[in-house]
Amino acid sequence: MVVLRRVVLLAAGVLLAVSTAVAVASPAKLKKAVAIVAPSLPQPPPLPAEAEPGPPPRIYLFRGALGPIFSTGMDRLAERLTEAGFKADAYEFTICRLVAQRAISTYREQPAPIVLMGHSMGGLCSIIFAEMLAEEKIPVSLVITIDPAHATGNVPLNVERFINIYLSDSVLGGGDVIAEPGYRGHYASFDLKQNKRVTHINIEKSEDIHRQIVDMVAQLPRVPAQAQGDPVPLRYLVPGDTLVELWDSGVKLPMRAGDTLERIATQYHVPVWSLAQANGLSEGTPLAAAQDVIIPRHLLPAMPAQAAEAKPRPAR
């Protein structure tokens, strides 16, 4: 009887294994697909796998001197971030170190991404804040300085993404912030001195910049700190009649025969001037096959419009 029972169990196991194999294999045949990508386009590095969403970032904003009068844009930005569902508070730059100490204690109790933003002296404060976190081995997901003071220090190595929006000819701000040697994060600098409508006391009030910052913060929980491929620092003198587009770094992509800056600009939805400045080229310069061109990007590697819109089609 024991032998018979073992035979029955063995047969049942074989049947179960066969039926499972058929069930797994059959759908795979039905799901074969091909992605259609224009063959003439330079291909970006593969996108990193989307990370599981982590805890929402904690956002610390700092006003400049006489902040309640001259840095009200930081309060409005804090309101917009709060409306988007984030914890965002605006502080006076004078209590920068106190707020940083509290942030360190909070992070130790419950780690979460940290975002720092500051206008004028508040920009200087954001860098001091990041330096204090660096001493405690705490990463900073994003730092945005808006026309920071000239005395602002360098971007420390624990900052994953840094953006500076400033006026190089500003007396009250004008901080051209650079990164510490060996910095490997994402870096972008935007000098708006050619835009005569922008001053030190209204640069932090741009609704368009606020919208882009809110969108960027909303993406942070799902984006790896380092997108695939080494990020290339960007430094721009923004044309006077141009709205600021907050790229966070660049990526190098090889060109193919016949490519031009105009064509690449259309494919990647970036202005020609941004490609020309990033690559030290005039706008009409022809490109050689296999020549690397730096293309500005938002958080993730640059992707041609055609590739982004291409969808898999079932095999016939």
# chains A, B, ... in the order shown; residues from 1 in each chain; ligands from 1
>>> select_by_dssp(residues="stretch 77-157 of chain A", states="strand (DSSP E or B)", output="list in words")
Lys87, Ala88, Asp89, Ala90, Tyr91, Glu92, Ile114, Val115, Leu116, Met117, Gly118, His119, Val140, Leu142, Val143, Ile144, Thr145, Ile146 and Val155 of chain A
>>> residues_around(residues="A:His186", least_positions_apart="2", cutoff="8 Å", atoms="only C-alpha atoms", output="list of chain:residue names")
A:Glu160, A:Arg161, A:Phe162, A:Arg184, A:Ala188, A:Gln226, A:Pro231, A:Val232, A:Pro233, A:Asp248, A:Ser249
>>> residues_around(residues="A:Ile178", least_positions_apart="5", cutoff="12 Å", atoms="only C-alpha atoms", output="PyMOL selection string")
chain A and resi 127+145+148+150-157+162-164+183+186-190+233-235
>>> closest_residue(among="A:Lys87, A:Ala103, A:Glu262, A:Asp191", to="A:Pro56", atoms="only C-alpha atoms")
A:Lys87
>>> residues_around(residues="A:Ile59", least_positions_apart="5", cutoff="10 Å", atoms="only C-alpha atoms", output="PyMOL selection string")
chain A and resi 78+81-82+86-90+113-117+142-143+217
>>> write_last_selection(atoms="N, CA and C atoms", output="short mmCIF file (atom, residue, chain, number, x, y, z; two decimals), in the first residue's frame")
data_model
loop_
_atom_site.label_atom_id
_atom_site.label_comp_id
_atom_site.auth_asym_id
_atom_site.auth_seq_id
_atom_site.Cartn_x
_atom_site.Cartn_y
_atom_site.Cartn_z
N ALA A 78 6.74 77.54 -0.48
CA ALA A 78 6.42 76.59 0.59
C ALA A 78 4.93 76.24 0.56
N LEU A 81 4.28 73.80 -2.33
CA LEU A 81 4.77 72.46 -2.00
C LEU A 81 3.84 71.78 -0.99
N THR A 82 3.34 72.55 -0.03
CA THR A 82 2.41 72.01 0.94
C THR A 82 1.11 71.58 0.27
N PHE A 86 3.46 67.90 0.42
CA PHE A 86 4.77 67.74 1.05
C PHE A 86 4.84 68.54 2.35
N LYS A 87 5.77 68.11 3.19
CA LYS A 87 6.08 68.85 4.41
C LYS A 87 7.11 69.90 4.06
N ALA A 88 6.70 71.17 4.03
CA ALA A 88 7.59 72.25 3.61
C ALA A 88 7.39 73.45 4.53
N ASP A 89 8.48 73.94 5.10
CA ASP A 89 8.42 75.09 6.00
C ASP A 89 9.47 76.11 5.61
N ALA A 90 9.11 77.40 5.71
CA ALA A 90 10.03 78.49 5.41
C ALA A 90 10.53 79.11 6.71
N PRO A 113 14.24 61.59 2.48
CA PRO A 113 15.02 62.52 1.65
C PRO A 113 14.91 63.95 2.16
N ILE A 114 15.99 64.70 2.02
CA ILE A 114 16.03 66.09 2.48
C ILE A 114 16.23 67.00 1.28
N VAL A 115 15.41 68.06 1.23
CA VAL A 115 15.49 69.07 0.17
C VAL A 115 15.70 70.43 0.83
N LEU A 116 16.66 71.19 0.32
CA LEU A 116 16.99 72.50 0.86
C LEU A 116 16.86 73.56 -0.23
N MET A 117 16.23 74.69 0.11
CA MET A 117 16.09 75.79 -0.85
C MET A 117 16.28 77.10 -0.11
N LEU A 142 18.34 67.16 -2.79
CA LEU A 142 18.28 68.29 -3.72
C LEU A 142 18.54 69.59 -2.97
N VAL A 143 19.37 70.45 -3.56
CA VAL A 143 19.58 71.81 -3.05
C VAL A 143 19.33 72.77 -4.20
N VAL A 217 10.36 68.00 -7.22
CA VAL A 217 10.27 67.39 -5.90
C VAL A 217 9.32 66.19 -5.93
#
>>> closest_residue(among="A:Glu136, A:Asn279, A:Glu204, A:Arg197", to="A:Tyr107", atoms="only C-alpha atoms")
A:Glu136
>>> closest_residue(among="A:Val159, A:Thr266, A:Trp247, A:Arg256", to="A:Arg297", atoms="only C-alpha atoms")
A:Trp247
>>> residues_around(residues="A:Leu261", least_positions_apart="3", cutoff="10 Å", atoms="only C-alpha atoms", output="PDB file with N, CA and C atoms, in the first residue's frame")
ATOM      1  N   MET A 255      26.618  61.161 -31.719  1.00  0.00           N
ATOM      2  CA  MET A 255      25.832  61.570 -32.873  1.00  0.00           C
ATOM      3  C   MET A 255      26.078  60.619 -34.047  1.00  0.00           C
ATOM      4  N   ILE A 264      18.951  67.724 -33.324  1.00  0.00           N
ATOM      5  CA  ILE A 264      19.020  67.165 -31.982  1.00  0.00           C
ATOM      6  C   ILE A 264      18.117  67.946 -31.031  1.00  0.00           C
ATOM      7  N   ALA A 265      18.074  69.275 -31.195  1.00  0.00           N
ATOM      8  CA  ALA A 265      17.212  70.105 -30.349  1.00  0.00           C
ATOM      9  C   ALA A 265      15.746  69.707 -30.509  1.00  0.00           C
ATOM     10  N   THR A 266      15.340  69.441 -31.759  1.00  0.00           N
ATOM     11  CA  THR A 266      13.958  69.017 -32.005  1.00  0.00           C
ATOM     12  C   THR A 266      13.683  67.644 -31.408  1.00  0.00           C
ATOM     13  N   GLN A 267      14.612  66.725 -31.564  1.00  0.00           N
ATOM     14  CA  GLN A 267      14.413  65.359 -31.079  1.00  0.00           C
ATOM     15  C   GLN A 267      14.300  65.291 -29.561  1.00  0.00           C
ATOM     16  N   PRO A 271      16.132  73.786 -26.445  1.00  0.00           N
ATOM     17  CA  PRO A 271      16.478  74.864 -27.377  1.00  0.00           C
ATOM     18  C   PRO A 271      17.891  74.704 -27.924  1.00  0.00           C
ATOM     19  N   VAL A 272      18.099  75.197 -29.131  1.00  0.00           N
ATOM     20  CA  VAL A 272      19.400  75.078 -29.778  1.00  0.00           C
ATOM     21  C   VAL A 272      20.472  75.778 -28.958  1.00  0.00           C
ATOM     22  N   TRP A 273      20.138  76.932 -28.367  1.00  0.00           N
ATOM     23  CA  TRP A 273      21.149  77.669 -27.606  1.00  0.00           C
ATOM     24  C   TRP A 273      21.692  76.838 -26.444  1.00  0.00           C
ATOM     25  N   SER A 274      20.844  75.979 -25.850  1.00  0.00           N
ATOM     26  CA  SER A 274      21.301  75.172 -24.715  1.00  0.00           C
ATOM     27  C   SER A 274      22.333  74.137 -25.165  1.00  0.00           C
ATOM     28  N   LEU A 275      22.136  73.576 -26.348  1.00  0.00           N
ATOM     29  CA  LEU A 275      23.114  72.625 -26.882  1.00  0.00           C
ATOM     30  C   LEU A 275      24.405  73.345 -27.268  1.00  0.00           C
ATOM     31  N   ALA A 276      24.260  74.514 -27.888  1.00  0.00           N
ATOM     32  CA  ALA A 276      25.441  75.255 -28.320  1.00  0.00           C
ATOM     33  C   ALA A 276      26.306  75.635 -27.119  1.00  0.00           C
ATOM     34  N   LEU A 281      29.824  75.218 -28.908  1.00  0.00           N
ATOM     35  CA  LEU A 281      29.717  75.260 -30.363  1.00  0.00           C
ATOM     36  C   LEU A 281      28.839  76.424 -30.789  1.00  0.00           C
ATOM     37  N   SER A 282      29.028  76.898 -32.019  1.00  0.00           N
ATOM     38  CA  SER A 282      28.074  77.843 -32.584  1.00  0.00           C
ATOM     39  C   SER A 282      26.880  77.055 -33.093  1.00  0.00           C
ATOM     40  N   GLU A 283      25.733  77.715 -33.190  1.00  0.00           N
ATOM     41  CA  GLU A 283      24.500  76.998 -33.501  1.00  0.00           C
ATOM     42  C   GLU A 283      24.519  76.346 -34.876  1.00  0.00           C
ATOM     43  N   GLY A 284      25.320  76.836 -35.810  1.00  0.00           N
ATOM     44  CA  GLY A 284      25.357  76.250 -37.141  1.00  0.00           C
ATOM     45  C   GLY A 284      26.467  75.229 -37.347  1.00  0.00           C
ATOM     46  N   THR A 285      27.175  74.875 -36.284  1.00  0.00           N
ATOM     47  CA  THR A 285      28.304  73.957 -36.416  1.00  0.00           C
ATOM     48  C   THR A 285      27.829  72.559 -36.828  1.00  0.00           C
ATOM     49  N   PRO A 286      28.407  71.972 -37.913  1.00  0.00           N
ATOM     50  CA  PRO A 286      28.035  70.604 -38.278  1.00  0.00           C
ATOM     51  C   PRO A 286      28.590  69.610 -37.258  1.00  0.00           C
ATOM     52  N   LEU A 287      27.922  68.486 -37.107  1.00  0.00           N
ATOM     53  CA  LEU A 287      28.346  67.449 -36.167  1.00  0.00           C
ATOM     54  C   LEU A 287      28.910  66.270 -36.922  1.00  0.00           C
ATOM     55  N   VAL A 293      27.792  64.650 -27.880  1.00  0.00           N
ATOM     56  CA  VAL A 293      27.130  65.932 -27.661  1.00  0.00           C
ATOM     57  C   VAL A 293      26.442  65.889 -26.307  1.00  0.00           C
TER      58      VAL A 293
END
>>> atom_distance(atom1="atom CA of A:Leu66", atom2="atom CA of A:Ser206")
19.0 Å
>>> select_by_dssp(residues="stretch 111-285 of chain A", states="alpha helix (DSSP H)", output="JSON, numbers by chain")
{"A": [121, 122, 123, 124, 125, 126, 127, 128, 129, 130, 131, 132, 133, 134, 135, 207, 208, 209, 210, 211, 212, 213, 214, 215, 216, 217, 218, 219, 261, 262, 263, 264, 265, 266, 267, 268, 272, 273, 274, 275, 276, 277, 278, 279]}
>>> closest_residue(among="A:Gln277, A:Thr260, A:Thr199, A:Ser170", to="A:Gln291", atoms="only C-alpha atoms")
A:Thr260
>>> closest_residue(among="A:Asn158, A:Thr242, A:Ser71, A:Gln212", to="A:His119", atoms="only C-alpha atoms")
A:Ser71
>>> closest_residue(among="A:Leu61, A:Leu167, A:Ala84, A:Leu98", to="A:Gly122", atoms="only C-alpha atoms")
A:Leu61
